[in-house]
Each structure stands twice: as C-alpha cells, then as structure tokens.
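What follows is the content of work.txt, which has compact mmCIF, C-alpha atoms and all ligand atoms:
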# COMPACT_ATOMS: atom_id res chain seq x y z
CA MET A 1 134.12 -87.73 -191.41
CA LEU A 2 132.51 -84.39 -190.53
CA VAL A 3 130.16 -84.63 -187.53
CA LEU A 4 127.71 -81.95 -186.42
CA GLY A 5 127.14 -82.39 -182.67
CA PHE A 6 124.33 -81.10 -180.45
CA GLU A 7 124.35 -80.79 -176.67
CA SER A 8 121.21 -79.74 -174.74
CA THR A 9 121.12 -81.84 -171.58
CA CYS A 10 120.96 -79.00 -169.05
CA ASP A 11 121.25 -75.21 -169.38
CA GLU A 12 123.93 -74.96 -172.07
CA THR A 13 123.14 -75.28 -175.76
CA GLY A 14 126.21 -76.56 -177.58
CA VAL A 15 126.65 -77.01 -181.33
CA ALA A 16 129.96 -78.07 -182.88
CA LEU A 17 131.57 -79.35 -186.05
CA VAL A 18 134.30 -81.94 -185.51
CA GLU A 19 136.36 -83.78 -188.11
CA ASP A 20 137.31 -87.43 -187.56
CA GLY A 21 136.51 -87.28 -183.84
CA HIS A 22 139.46 -85.06 -182.96
CA ILE A 23 139.71 -81.85 -185.00
CA VAL A 24 137.35 -79.18 -183.67
CA LEU A 25 136.42 -76.84 -186.53
CA ALA A 26 133.83 -74.83 -184.59
CA ASN A 27 132.39 -75.14 -181.08
CA ALA A 28 129.67 -72.65 -180.11
CA ILE A 29 127.87 -72.48 -176.77
CA ALA A 30 124.92 -70.45 -175.50
CA SER A 31 123.95 -70.58 -171.84
CA SER A 32 120.76 -69.71 -170.01
CA ALA A 33 122.61 -69.82 -166.64
CA GLU A 34 121.83 -66.16 -165.92
CA LEU A 35 118.09 -66.88 -165.96
CA HIS A 36 118.54 -69.62 -163.35
CA ALA A 37 120.77 -67.64 -160.97
CA LYS A 38 117.88 -66.32 -158.90
CA PHE A 39 116.54 -69.84 -158.33
CA GLY A 40 119.88 -71.19 -157.07
CA GLY A 41 119.66 -74.06 -159.58
CA VAL A 42 118.42 -74.82 -163.09
CA PHE A 43 114.75 -73.97 -163.74
CA PRO A 44 113.91 -76.65 -166.34
CA GLU A 45 111.30 -74.79 -168.40
CA TYR A 46 113.60 -71.77 -168.84
CA ALA A 47 116.41 -74.12 -169.87
CA SER A 48 114.21 -75.75 -172.56
CA ARG A 49 113.12 -72.38 -173.92
CA GLY A 50 116.76 -71.28 -174.02
CA HIS A 51 117.61 -74.29 -176.20
CA VAL A 52 114.69 -73.59 -178.57
CA GLU A 53 115.92 -70.04 -179.10
CA ALA A 54 119.62 -70.86 -179.43
CA ILE A 55 119.88 -74.08 -181.39
CA LEU A 56 119.18 -72.88 -184.94
CA PRO A 57 121.29 -69.67 -184.79
CA LEU A 58 124.19 -71.67 -183.27
CA THR A 59 123.94 -74.26 -186.05
CA GLU A 60 124.13 -71.53 -188.70
CA GLN A 61 127.01 -69.94 -186.80
CA VAL A 62 129.20 -73.07 -186.63
CA LEU A 63 128.67 -73.90 -190.31
CA LYS A 64 129.70 -70.36 -191.22
CA GLU A 65 132.68 -70.31 -188.84
CA ALA A 66 133.98 -73.61 -190.21
CA GLY A 67 133.35 -72.56 -193.83
CA LYS A 68 131.14 -75.65 -194.37
CA THR A 69 127.67 -76.29 -195.73
CA LYS A 70 125.09 -78.97 -194.98
CA GLU A 71 126.44 -80.98 -197.93
CA ASP A 72 129.78 -81.38 -196.10
CA VAL A 73 128.18 -82.91 -192.98
CA ASP A 74 128.44 -86.72 -192.85
CA LEU A 75 126.80 -87.43 -189.49
CA ILE A 76 124.53 -85.68 -187.00
CA ALA A 77 125.15 -86.42 -183.31
CA VAL A 78 123.11 -85.55 -180.27
CA ALA A 79 123.30 -86.07 -176.50
CA MET A 80 120.29 -88.34 -175.83
CA GLY A 81 120.77 -88.24 -172.02
CA PRO A 82 121.19 -88.21 -169.12
CA GLY A 83 119.70 -84.80 -168.42
CA LEU A 84 116.52 -82.77 -168.08
CA LEU A 85 113.77 -84.24 -170.24
CA GLY A 86 112.48 -81.00 -171.76
CA SER A 87 116.01 -79.87 -172.58
CA LEU A 88 116.98 -83.22 -174.08
CA LEU A 89 113.90 -83.25 -176.29
CA VAL A 90 114.85 -79.97 -177.95
CA GLY A 91 118.27 -81.25 -179.07
CA LEU A 92 117.00 -84.69 -179.99
CA GLN A 93 114.04 -83.46 -182.07
CA PHE A 94 116.23 -80.88 -183.79
CA ALA A 95 118.83 -83.52 -184.68
CA LYS A 96 116.16 -85.90 -185.97
CA GLY A 97 114.58 -83.09 -188.02
CA LEU A 98 117.92 -82.26 -189.64
CA SER A 99 118.59 -85.93 -190.26
CA ILE A 100 115.35 -86.17 -192.25
CA ALA A 101 115.68 -82.82 -194.00
CA TRP A 102 119.34 -83.30 -194.99
CA ASN A 103 119.10 -87.04 -195.49
CA LYS A 104 122.04 -87.78 -193.17
CA PRO A 105 122.44 -90.46 -190.50
CA PHE A 106 122.15 -89.42 -186.85
CA VAL A 107 123.30 -91.05 -183.59
CA GLY A 108 122.44 -90.43 -179.94
CA VAL A 109 125.31 -90.49 -177.45
CA ASN A 110 125.68 -90.58 -173.69
CA HIS A 111 126.51 -87.14 -172.30
CA VAL A 112 128.52 -88.51 -169.36
CA GLU A 113 130.65 -90.71 -171.59
CA ALA A 114 131.22 -87.67 -173.82
CA HIS A 115 132.60 -85.70 -170.83
CA LEU A 116 135.25 -88.37 -170.42
CA TYR A 117 135.93 -88.54 -174.15
CA ALA A 118 136.73 -84.80 -174.03
CA ALA A 119 140.05 -85.72 -172.35
CA MET A 120 140.91 -87.93 -175.34
CA MET A 121 140.06 -85.46 -178.11
CA LYS A 122 143.32 -83.60 -178.46
CA GLU A 123 145.67 -86.28 -177.12
CA ARG A 124 145.65 -90.08 -177.20
CA PRO A 125 146.16 -91.33 -173.63
CA PRO A 126 147.62 -94.79 -172.99
CA LEU A 127 144.98 -97.32 -171.94
CA PRO A 128 143.70 -98.86 -169.74
CA ALA A 129 143.23 -95.70 -167.72
CA LEU A 130 141.24 -94.57 -164.72
CA GLY A 131 138.46 -92.18 -165.77
CA LEU A 132 136.99 -89.63 -163.37
CA VAL A 133 133.75 -87.90 -164.35
CA LEU A 134 133.29 -84.96 -161.97
CA SER A 135 130.30 -82.89 -162.99
CA GLY A 136 127.17 -81.28 -161.62
CA GLY A 137 125.19 -84.47 -162.13
CA HIS A 138 127.79 -87.26 -161.83
CA THR A 139 130.71 -88.54 -159.83
CA LEU A 140 132.14 -91.65 -161.42
CA LEU A 141 135.31 -93.71 -161.25
CA LEU A 142 135.65 -95.88 -164.35
CA LYS A 143 138.17 -98.24 -165.79
CA VAL A 144 138.55 -97.09 -169.40
CA LEU A 145 139.53 -99.99 -171.64
CA GLU A 146 138.86 -98.16 -174.90
CA VAL A 147 136.43 -95.53 -176.18
CA GLY A 148 133.01 -97.09 -175.60
CA CYS A 149 134.24 -99.81 -173.22
CA TYR A 150 134.22 -99.09 -169.49
CA GLU A 151 133.91 -100.80 -166.13
CA ARG A 152 132.28 -98.84 -163.36
CA LEU A 153 134.38 -98.83 -160.18
CA GLY A 154 132.74 -96.21 -157.99
CA THR A 155 130.01 -93.59 -157.88
CA THR A 156 128.26 -91.33 -155.42
CA VAL A 157 125.48 -92.63 -153.22
CA ASP A 158 123.99 -89.13 -152.77
CA ASP A 159 125.17 -85.76 -154.14
CA ALA A 160 127.45 -85.46 -157.16
CA VAL A 161 130.62 -83.54 -156.36
CA GLY A 162 129.61 -80.53 -158.51
CA GLU A 163 126.18 -80.55 -156.90
CA ALA A 164 127.85 -80.42 -153.46
CA PHE A 165 129.88 -77.40 -154.65
CA ASP A 166 126.69 -75.71 -155.89
CA LYS A 167 124.85 -76.35 -152.62
CA VAL A 168 127.78 -75.19 -150.48
CA ALA A 169 127.98 -72.07 -152.65
CA THR A 170 124.29 -71.34 -151.95
CA LEU A 171 124.92 -71.78 -148.20
CA LEU A 172 127.81 -69.31 -148.48
CA GLY A 173 125.58 -66.81 -150.33
CA LEU A 174 127.41 -67.26 -153.65
CA PRO A 175 125.67 -67.27 -157.08
CA TYR A 176 124.77 -70.31 -159.20
CA PRO A 177 126.62 -72.19 -160.63
CA GLY A 178 128.66 -72.14 -157.45
CA GLY A 179 131.77 -74.24 -158.16
CA PRO A 180 133.90 -71.45 -159.65
CA HIS A 181 132.86 -69.07 -156.83
CA VAL A 182 133.78 -71.57 -154.10
CA GLU A 183 137.17 -71.96 -155.78
CA ARG A 184 137.59 -68.18 -156.03
CA ILE A 185 136.93 -67.40 -152.36
CA ALA A 186 139.06 -70.39 -151.27
CA ILE A 187 142.22 -69.10 -152.98
CA GLY A 188 144.95 -68.43 -150.42
CA ARG A 189 142.72 -69.37 -147.47
CA ASN A 190 143.31 -71.86 -144.64
CA ARG A 191 142.40 -75.37 -145.84
CA SER A 192 142.53 -77.02 -142.44
CA ARG A 193 140.71 -74.48 -140.30
CA PHE A 194 137.41 -76.40 -140.28
CA PRO A 195 137.69 -80.10 -139.36
CA LEU A 196 135.34 -81.48 -142.05
CA GLN A 197 135.10 -85.07 -143.24
CA ALA A 198 133.91 -86.77 -146.44
CA GLY A 199 131.61 -89.77 -146.13
CA LYS A 200 132.68 -93.39 -146.31
CA VAL A 201 130.28 -95.90 -147.81
CA LYS A 202 130.08 -99.18 -145.90
CA LYS A 203 131.51 -102.13 -147.83
CA SER A 204 132.03 -99.93 -150.93
CA PRO A 205 135.45 -98.31 -150.52
CA LEU A 206 135.33 -96.74 -153.99
CA ASP A 207 131.94 -95.08 -153.59
CA PHE A 208 131.43 -91.47 -152.52
CA SER A 209 129.10 -89.64 -150.17
CA PHE A 210 129.13 -85.84 -150.07
CA SER A 211 125.85 -85.01 -148.35
CA GLY A 212 127.31 -85.26 -144.80
CA LEU A 213 130.16 -82.97 -145.81
CA LYS A 214 127.66 -80.44 -147.12
CA THR A 215 125.66 -80.65 -143.86
CA SER A 216 128.87 -80.02 -141.87
CA VAL A 217 129.31 -76.82 -143.85
CA LEU A 218 125.73 -75.87 -142.92
CA TYR A 219 126.48 -76.51 -139.21
CA ALA A 220 129.65 -74.41 -139.42
CA LEU A 221 127.53 -71.53 -140.75
CA LYS A 222 124.31 -71.96 -138.77
CA GLY A 223 125.23 -73.90 -135.64
CA GLN A 224 124.43 -77.51 -134.76
CA ASP A 225 120.65 -77.13 -135.15
CA GLY A 226 121.15 -75.61 -138.62
CA ALA A 227 118.86 -72.69 -137.72
CA GLY A 228 121.11 -70.08 -136.07
CA ASP A 229 123.65 -67.77 -137.63
CA ILE A 230 127.32 -67.92 -136.64
CA SER A 231 128.05 -64.77 -138.71
CA LEU A 232 131.37 -65.80 -140.18
CA SER A 233 133.62 -63.05 -141.50
CA GLU A 234 134.48 -63.03 -145.22
CA GLU A 235 137.91 -64.50 -144.35
CA GLU A 236 136.30 -67.29 -142.32
CA LYS A 237 133.93 -68.05 -145.20
CA GLY A 238 136.99 -68.32 -147.45
CA ASP A 239 138.55 -70.74 -144.94
CA LEU A 240 135.33 -72.77 -144.89
CA ALA A 241 135.23 -72.92 -148.71
CA ALA A 242 138.92 -73.94 -148.78
CA SER A 243 138.36 -76.61 -146.11
CA PHE A 244 135.33 -78.04 -147.94
CA GLN A 245 137.11 -78.11 -151.28
CA GLU A 246 140.21 -79.71 -149.77
CA VAL A 247 138.28 -82.50 -148.06
CA ALA A 248 136.18 -83.26 -151.16
CA PHE A 249 139.25 -83.42 -153.45
CA GLN A 250 141.42 -85.39 -151.00
CA ASP A 251 138.58 -87.93 -150.81
CA LEU A 252 138.43 -88.15 -154.62
CA ALA A 253 142.20 -88.58 -154.81
CA ALA A 254 142.31 -91.25 -152.08
CA LYS A 255 139.61 -93.34 -153.77
CA ALA A 256 141.21 -92.81 -157.18
CA ARG A 257 144.46 -94.14 -155.66
CA LEU A 258 142.71 -97.29 -154.44
CA ALA A 259 141.05 -97.78 -157.82
CA ALA A 260 144.20 -97.15 -159.87
CA ASP A 261 146.27 -99.55 -157.75
CA ALA A 262 143.82 -102.36 -158.44
CA PHE A 263 144.62 -102.66 -162.17
CA ASP A 264 147.36 -101.92 -164.67
CA CYS A 265 146.42 -98.24 -164.83
CA LYS A 266 148.49 -96.23 -167.33
CA ALA A 267 146.90 -92.78 -167.03
CA LEU A 268 144.17 -90.72 -165.38
CA LEU A 269 141.45 -89.10 -167.53
CA PHE A 270 139.23 -86.32 -166.20
CA GLY A 271 135.88 -85.00 -167.42
CA GLY A 272 133.15 -82.64 -166.25
CA GLY A 273 132.95 -79.07 -164.97
CA VAL A 274 134.65 -79.68 -161.60
CA CYS A 275 137.90 -80.53 -163.46
CA GLN A 276 138.32 -76.82 -164.11
CA ASN A 277 139.28 -76.40 -160.46
CA ARG A 278 143.01 -75.65 -160.10
CA ARG A 279 143.29 -77.11 -156.59
CA LEU A 280 141.91 -80.43 -157.88
CA LYS A 281 144.64 -80.54 -160.50
CA GLU A 282 147.33 -79.68 -157.94
CA ILE A 283 146.22 -82.45 -155.58
CA PHE A 284 146.18 -85.09 -158.31
CA GLU A 285 149.58 -83.97 -159.60
CA GLU A 286 150.92 -84.34 -156.06
CA LYS A 287 149.29 -87.73 -155.42
CA PHE A 288 149.95 -89.33 -158.83
CA PRO A 289 153.47 -88.24 -159.79
CA GLU A 290 154.05 -91.51 -161.65
CA LEU A 291 151.03 -91.32 -163.99
CA PRO A 292 150.19 -88.91 -166.82
CA LEU A 293 147.01 -86.88 -166.19
CA PHE A 294 144.73 -85.90 -169.07
CA PHE A 295 142.41 -82.95 -168.54
CA PRO A 296 140.14 -81.68 -171.34
CA GLU A 297 140.92 -78.26 -172.78
CA ALA A 298 138.92 -75.49 -171.11
CA SER A 299 136.54 -75.18 -174.10
CA LEU A 300 135.76 -78.92 -173.84
CA THR A 301 135.35 -79.15 -170.05
CA LEU A 302 131.89 -77.71 -169.46
CA ASP A 303 128.90 -78.92 -171.50
CA ASN A 304 129.68 -78.55 -175.22
CA GLY A 305 128.74 -79.99 -178.61
CA ALA A 306 132.32 -80.92 -179.62
CA MET A 307 132.60 -83.78 -177.12
CA ILE A 308 129.26 -85.13 -178.44
CA ALA A 309 130.40 -84.97 -182.07
CA GLY A 310 133.78 -86.49 -181.16
CA LEU A 311 132.35 -89.47 -179.32
CA ALA A 312 129.71 -90.05 -182.03
CA TYR A 313 132.48 -90.43 -184.62
CA HIS A 314 133.90 -93.45 -182.74
CA GLN A 315 130.43 -94.88 -182.11
CA PHE A 316 129.55 -94.63 -185.80
CA LEU A 317 132.86 -96.14 -186.94
CA LYS A 318 132.14 -99.21 -184.82
CA ASN A 319 128.51 -99.43 -185.87
CA PRO A 320 127.83 -97.39 -189.02
CA VAL A 321 124.04 -97.27 -188.89
CA SER A 322 121.72 -94.38 -188.18
CA ASP A 323 119.70 -94.55 -184.97
CA PRO A 324 115.95 -95.03 -185.50
CA LEU A 325 113.79 -91.92 -185.58
CA ASP A 326 111.89 -93.13 -182.53
CA LEU A 327 115.06 -93.01 -180.40
CA GLU A 328 113.95 -91.67 -177.01
CA ALA A 329 115.57 -89.15 -174.70
CA LYS A 330 116.74 -90.80 -171.48
CA THR A 331 116.92 -88.88 -168.22
CA ARG A 332 119.20 -91.60 -166.82
CA ILE A 333 121.59 -93.93 -168.64
CA PRO A 334 124.04 -96.23 -166.90
CA ILE A 335 127.51 -95.83 -168.45
CA ALA A 336 128.79 -99.26 -167.45
O1 LIG A 401 130.04 -80.88 -166.57
P1 LIG A 401 129.16 -79.75 -166.24
O2 LIG A 401 129.23 -78.52 -167.11
O3 LIG A 401 127.65 -80.14 -166.21
C1 LIG A 401 127.10 -81.36 -165.88
O4 LIG A 401 127.06 -82.27 -166.75
O5 LIG A 401 126.67 -81.46 -164.72
O6 LIG A 401 129.53 -79.35 -164.74
C2 LIG A 401 128.92 -78.32 -164.05
C3 LIG A 401 129.36 -78.42 -162.61
C4 LIG A 401 128.64 -77.46 -161.68
O7 LIG A 401 128.22 -78.16 -160.54
C5 LIG A 401 129.71 -76.42 -161.34
O8 LIG A 401 129.52 -75.81 -160.09
C6 LIG A 401 130.96 -77.27 -161.36
O9 LIG A 401 130.78 -78.12 -162.48
N1 LIG A 401 132.17 -76.47 -161.55
C7 LIG A 401 133.16 -76.38 -160.64
C8 LIG A 401 134.11 -75.46 -161.16
N2 LIG A 401 133.66 -75.05 -162.39
C9 LIG A 401 132.47 -75.68 -162.61
N3 LIG A 401 133.32 -76.97 -159.45
C10 LIG A 401 134.44 -76.68 -158.75
N4 LIG A 401 135.37 -75.79 -159.16
C11 LIG A 401 135.26 -75.17 -160.36
N5 LIG A 401 136.18 -74.31 -160.78
ZN ZN A 402 127.75 -82.16 -168.38

Would it be possible to restate this file's structure as structure tokens?
Ligand code: KG4
Ligand code: ZN
Amino acid sequence: MLVLGFESTCDETGVALVEDGHIVLANAIASSAELHAKFGGVFPEYASRGHVEAILPLTEQVLKEAGKTKEDVDLIAVAMGPGLLGSLLVGLQFAKGLSIAWNKPFVGVNHVEAHLYAAMMKERPPLPALGLVLSGGHTLLLKVLEVGCYERLGTTVDDAVGEAFDKVATLLGLPYPGGPHVERIAIGRNRSRFPLQAGKVKKSPLDFSFSGLKTSVLYALKGQDGAGDISLSEEEKGDLAASFQEVAFQDLAAKARLAADAFDCKALLFGGGVCQNRRLKEIFEEKFPELPLFFPEASLTLDNGAMIAGLAYHQFLKNPVSDPLDLEAKTRIPIA
C-alpha cells in the first residue's frame, strides 16, 4: 500500500511517500524556522504561509523522486493535530482536496503518536515497550502495547522538555530552535557545576515539571530577583547548559526507570526532536543496559511526513475506511 503523508502541525512542512508503513520512498521537508528565529518561537501566521507555499512543490518533488504518479497512491494521510490551528488547516485542506480530486481515501492521524511510531518504522521492537515522546510540545511516558494501543503513564504538568530547552536557549542568548544549540555549548563542559533540580509532582511520581528548572537557570544568569546580570563567561554558560541538560535527562531516565519496572517492559522507544541529543542517548544506554533502545533515524526524528504516512498505513489496515470530509483539525488530542 503506497501512502502519501502530509505533516504541517508547526513550522515544518513534510511530505513523504511510504510503502506498507515501513519503506520510505521519499521524505521531503521544508522549514520556515528561519523566519521565526527573530521572535524566539514560532510565529503562527508565518508558519501557515510557509505551508501554503511549500506543500504543492514538495508533493510534486516526492512523486518525482520516488518515480511514482498519483495513480500509484493508495491512501492520503495527514497530521490532524495536535498543533497550530492555521498550520494544521493547510495540510488538512490540501489532503482533503487531493482525496476528492484523485478519488483516494484519506485518514487523519495524531502527530504525537506518529513521533513514537517513527522508532518502529525501520525496526520491529519487542512489545510491550515503554514509549517516550520528547518534543517541543510534548513530554509523555506511555506503555506501548501495539501500534495504536497505548496507556499513558506520565506527562508534564507545565513545560514540555523541548520547550524548556528552547526557553533556556533564549535565556542563554542562543537562536531558536534552541535544543541543538544548548547541546552544542554543553559539549565537554562541567555538568555538575550548577546545583539545579528538576521538579517532582506531588502524588504523581511519573509526571514531570520543568518550569522550576528553567527558572533556576534564569536565577543563575540574572540573580535571585531575575532582574540583574551575573555576566557569566562563555565557559560558565556552557557549564550552565550542561548542568541543565544533565538534570533534565537524569529526571527523564529516573522516571522512565520507575515506569519500566512497573510492567513487563521489553524495550524503550523514543520519539520527538529532543531524542536527537547525544547526551540523552548516553544516559539511557547507561541506565538501561538490559533493554534494547529504539531511536528513530535522524530523518524521522524531527517533524516529517514519513512518520504520518507510516502510522496511517496501520490505522487504515485496522479500519479501512476514509475519514469524512468534515474531519476537523484538533489543536489538542489526548493520545491515551
Ligand atoms: O519533535 P519536534 O520536531 O517538534 C514538536 O513536535 O514539538 O521537536 C522540536 C523540539 C524543539 O523544542 C527543539 O529545541 C528540540 O526538539 N530539539 C532538541 C535537540 N534537537 C531538537 N533538544 C535537545 N537537544 C537536541 N539536540
Ligand atoms: Zn513534532
């Protein structure tokens, strides 16, 4: 089954052609991130306009790259949420339009679930597994029973882990999106120089809280009233980035340990942009020597159309009907 997948939840437009949920024939991405850099975060209207400009040329590009035509496409898939409404609408309306024009079924899928599915595209992990979605918008611990069947174990009560990286990056004067820059300046620096702490959520040992950690970084830079300027050297900023990153990841690993020990967990699956961080991988390798870890390939880690097409294949196999044309974009969707 050849699936054409569309991703437009935030500032990346992704279009991909995937065969039988696992073979990526073409996976093209356009990003409007540069336009947002000066705002320190995504400017929604610019993101929507970026999708409008990119989506048709990318569709033509992936068909050409894969040597396929519209006749070869069996199913059209689109991320229906969660995300920015204007951005979602571009992908959803485009997918519906193609579905009518080409007379093909279409299905809407959950973007967050697709991030996790990305770790199952190239390999088939043993299940049940512990799933960790670590992105700019989500921090989730899930028990993965099978594709499409999850139990939510933990989530963040405030900032998502990627969001905390982006905010800390802004405090450190680094560009958006900040995660890769925080990782870069932290390399080789002192991880224990700043005594930071991640939040604990009362009566919810598997939930996360990163906003206090972010505020501690602010205090380290601006003093206890948050208004001064401590003028840290570049080396000290590197130490602060390394200390922040270490505390955030050790917290994720400790809660993942608790979650994994509570069921017959056979593997760990990772999804979302933060999984690109090499220190995160090192820490989990150290803390889970007995379990196989499945990270998505680099091209499937950030927002992309291939994970959408891949997940849609499984969804359509289970329930082979087209979604209705009045399917709505959803800015929030619970995954479990
Ligand atoms: O999964 P994603 O592309 O988008 C969402 O669905 O949110 O993730 C983007 C997030 C951003 O917050 C970005 O700063 C973070 O992933 N990120 C990283 C790294 N690369 C991207 N965070 C930490 N270290 C990285 N190397
Ligand atoms: Zn995403």

Original post:
Which polymer residues have any atom within 7 Å of an atom of range 9-23 of chain A, counting only C-alpha atoms, with same-chain residues fewer than 6 positions away left out, as a PyMOL selection string?
Top reply: chain A and resi 1-3+29-33+42+47+51+54-55+58-59+62+79+81-84+87-88+121-122+303-306+309-311+313-314

Residues from the last selection, C-alpha atoms, saved as a short mmCIF file (atom, residue, chain, number, x, y, z; two decimals), in the frame of the given file:
data_model
loop_
_atom_site.label_atom_id
_atom_site.label_comp_id
_atom_site.auth_asym_id
_atom_site.auth_seq_id
_atom_site.Cartn_x
_atom_site.Cartn_y
_atom_site.Cartn_z
CA MET A 1 134.12 -87.73 -191.41
CA LEU A 2 132.51 -84.39 -190.53
CA VAL A 3 130.16 -84.63 -187.53
CA ILE A 29 127.87 -72.48 -176.77
CA ALA A 30 124.92 -70.45 -175.50
CA SER A 31 123.95 -70.58 -171.84
CA SER A 32 120.76 -69.71 -170.01
CA ALA A 33 122.61 -69.82 -166.64
CA VAL A 42 118.42 -74.82 -163.09
CA ALA A 47 116.41 -74.12 -169.87
CA HIS A 51 117.61 -74.29 -176.20
CA ALA A 54 119.62 -70.86 -179.43
CA ILE A 55 119.88 -74.08 -181.39
CA LEU A 58 124.19 -71.67 -183.27
CA THR A 59 123.94 -74.26 -186.05
CA VAL A 62 129.20 -73.07 -186.63
CA ALA A 79 123.30 -86.07 -176.50
CA GLY A 81 120.77 -88.24 -172.02
CA PRO A 82 121.19 -88.21 -169.12
CA GLY A 83 119.70 -84.80 -168.42
CA LEU A 84 116.52 -82.77 -168.08
CA SER A 87 116.01 -79.87 -172.58
CA LEU A 88 116.98 -83.22 -174.08
CA MET A 121 140.06 -85.46 -178.11
CA LYS A 122 143.32 -83.60 -178.46
CA ASP A 303 128.90 -78.92 -171.50
CA ASN A 304 129.68 -78.55 -175.22
CA GLY A 305 128.74 -79.99 -178.61
CA ALA A 306 132.32 -80.92 -179.62
CA ALA A 309 130.40 -84.97 -182.07
CA GLY A 310 133.78 -86.49 -181.16
CA LEU A 311 132.35 -89.47 -179.32
CA TYR A 313 132.48 -90.43 -184.62
CA HIS A 314 133.90 -93.45 -182.74
#

So that each row is one residue of chain A with an atom at most 7 Å from ligand ZN 402 (chain A), can you give its shortest atom pair and the distance in Å to one decimal, using only C-alpha atoms and all ligand atoms, rows by chain and rising number, as JSON lines?
{"residue": "A:His111", "atom": "CA", "partner": "A:ZN402", "partner_atom": "ZN", "distance": 6.5}
{"residue": "A:Val112", "atom": "CA", "partner": "A:ZN402", "partner_atom": "ZN", "distance": 6.5}
{"residue": "A:His115", "atom": "CA", "partner": "A:ZN402", "partner_atom": "ZN", "distance": 6.5}
{"residue": "A:Ser135", "atom": "CA", "partner": "A:ZN402", "partner_atom": "ZN", "distance": 6.0}
{"residue": "A:Gly136", "atom": "CA", "partner": "A:ZN402", "partner_atom": "ZN", "distance": 6.8}
{"residue": "A:Gly272", "atom": "CA", "partner": "A:ZN402", "partner_atom": "ZN", "distance": 5.8}
{"residue": "A:Gly273", "atom": "CA", "partner": "A:ZN402", "partner_atom": "ZN", "distance": 6.9}
{"residue": "A:Leu302", "atom": "CA", "partner": "A:ZN402", "partner_atom": "ZN", "distance": 6.2}
{"residue": "A:Asp303", "atom": "CA", "partner": "A:ZN402", "partner_atom": "ZN", "distance": 4.6}

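Atom pair CA of Asp166 in chain A / atom C6 of ligand LIG 401 (chain A) has a distance of 7.1 Å (rounded to one decimal).
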
Please put the answer as AutoDock Vina command-line options: centre and edge lengths, in Å with one decimal, of a box along x, y and z that encloses all listed atoms of ligand LIG 401 (chain A) plus 5 Å on each side.
--center_x 131.4 --center_y -78.3 --center_z -162.9 --size_x 19.5 --size_y 18.0 --size_z 18.4

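The spacing separating CA of Lys281 in chain A from CA of Ala118 in chain A amounts to 16.2 Å.
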
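Take the candidates A:Val52, A:Ala242, A:Met120, A:Leu134 and check each one against Val90 in chain A using all atoms listed in the file; the shortest distance goes to A:Val52.
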
Subject >> Pairwise distance for CA of Pro296 in chain A and CA of Arg257 in chain A, rounded to one decimal in Å >> reply: 20.5 Å

**OP:** Just the residues within 12 Å of Thr170 in chain A, please, counting only C-alpha atoms, with nothing from its chain fewer than 2 positions along; format it as a ChimeraX atom specification.
**Re:** /A:37-41,163-168,172-179,181-182,214,217-218,221,241

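For Leu145 in chain A, the set of protein, DNA and RNA residues having any atom at most 12 Å away, when counting only C-alpha atoms and skipping those fewer than 6 positions along the same chain, is Pro125, Pro126, Leu127, Pro128, Ala129, Leu130, Gly131, Glu151, Arg152, Phe263, Asp264, Cys265, Lys266, Ala267, Leu269 and Ala336 of chain A.
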
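If you measure from each of A:Phe43, A:Phe244, A:Trp102, A:Tyr150 to ligand LIG 401 (chain A) using only C-alpha atoms and all ligand atoms, the closest one turns out to be A:Phe244.
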
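Of the residues under consideration (A:Pro44, A:Gly162, A:Gly271, A:Gly223), A:Gly162 shows the shortest atom-to-atom contact distance to ligand LIG 401 (chain A) when counting only C-alpha atoms and all ligand atoms.
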
**OP:** May I ask which of the residues A:Leu232, A:Ala66, A:Leu141, A:Val161 is the closest one to Asn277 in chain A, counting only C-alpha atoms?
**Re:** A:Val161
